[in-house]
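Student: Got a structure for you, questions after.
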Amino acid sequence: MRWVLLTPLLLGACVHRYTRVEEPSVAATREVDVWTHGERLRLHGFTMLRDSVTGIPLESPLACDDCRIGVPLRQVDSLVVDHEISGLRVVGGVLLFVYALARLP
């Protein structure tokens with residue numbers, strides 16, 4: 001019985017995933033992780049230009065254009081756009097499924 005309760009928790013830890021895109025078109029409010037030289041920059045208001053990427057750090061308001069930073073594409077290791085599926089919804093679905101299985105005769 002303990003394994004039945006532990007399984008959704010373990011599955012929930014693995015549901016958050018990222019989607020790889022070549023040239024992301026991202027809404028201004030979405031978060032983008034830019035990895036450069038082993039360091040993660042968390043940005044919103046993300047824009048991809050021909051030779052660089054720009055964005056506003058999450059700590060700054062979206063309206064702060066003076067806060068915008070840019071990174072040359074040659075220095076970008078990867079871009080990660082957060083996936084829209086909520087981990088909480090997936091865990092809730094798994095819990096409901098396990099409960100339904102436990103109720104079967």
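Every chain in the structure tokens takes a letter, A first, then B, and so on in the order presented; its residues are numbered from 1, and the ligands are numbered from 1 following the presented order.
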Might you pull out every residue within 7 Å of stretch 37-53 of chain A, with only C-alpha atoms counted and same-chain residues fewer than 5 positions away left off, and present them as a VMD selection string?
Tutor: chain A and resid 26 28 to 32 58 62 70 to 73
Student: For a test of reading the model, state the distance in Å between atom CA of A:Asp77 and atom CA of A:Cys64, rounded to one decimal.
Tutor: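 Value for the atom CA of A:Asp77-atom CA of A:Cys64 distance: 25.7 Å.
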Student: Kindly give the distance, in Å, that separates atom CA of A:Leu79 and atom CA of A:Thr54, rounded to a single decimal.
Tutor: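 Answer for the atom CA of A:Leu79 to atom CA of A:Thr54 separation: 11.6 Å.
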Student: Could you please determine the separation between atom CA of A:Thr36 and atom CA of A:Ala63 in Å, to one decimal place?
Tutor: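 Going from atom CA of A:Thr36 over to atom CA of A:Ala63 covers 24.3 Å.
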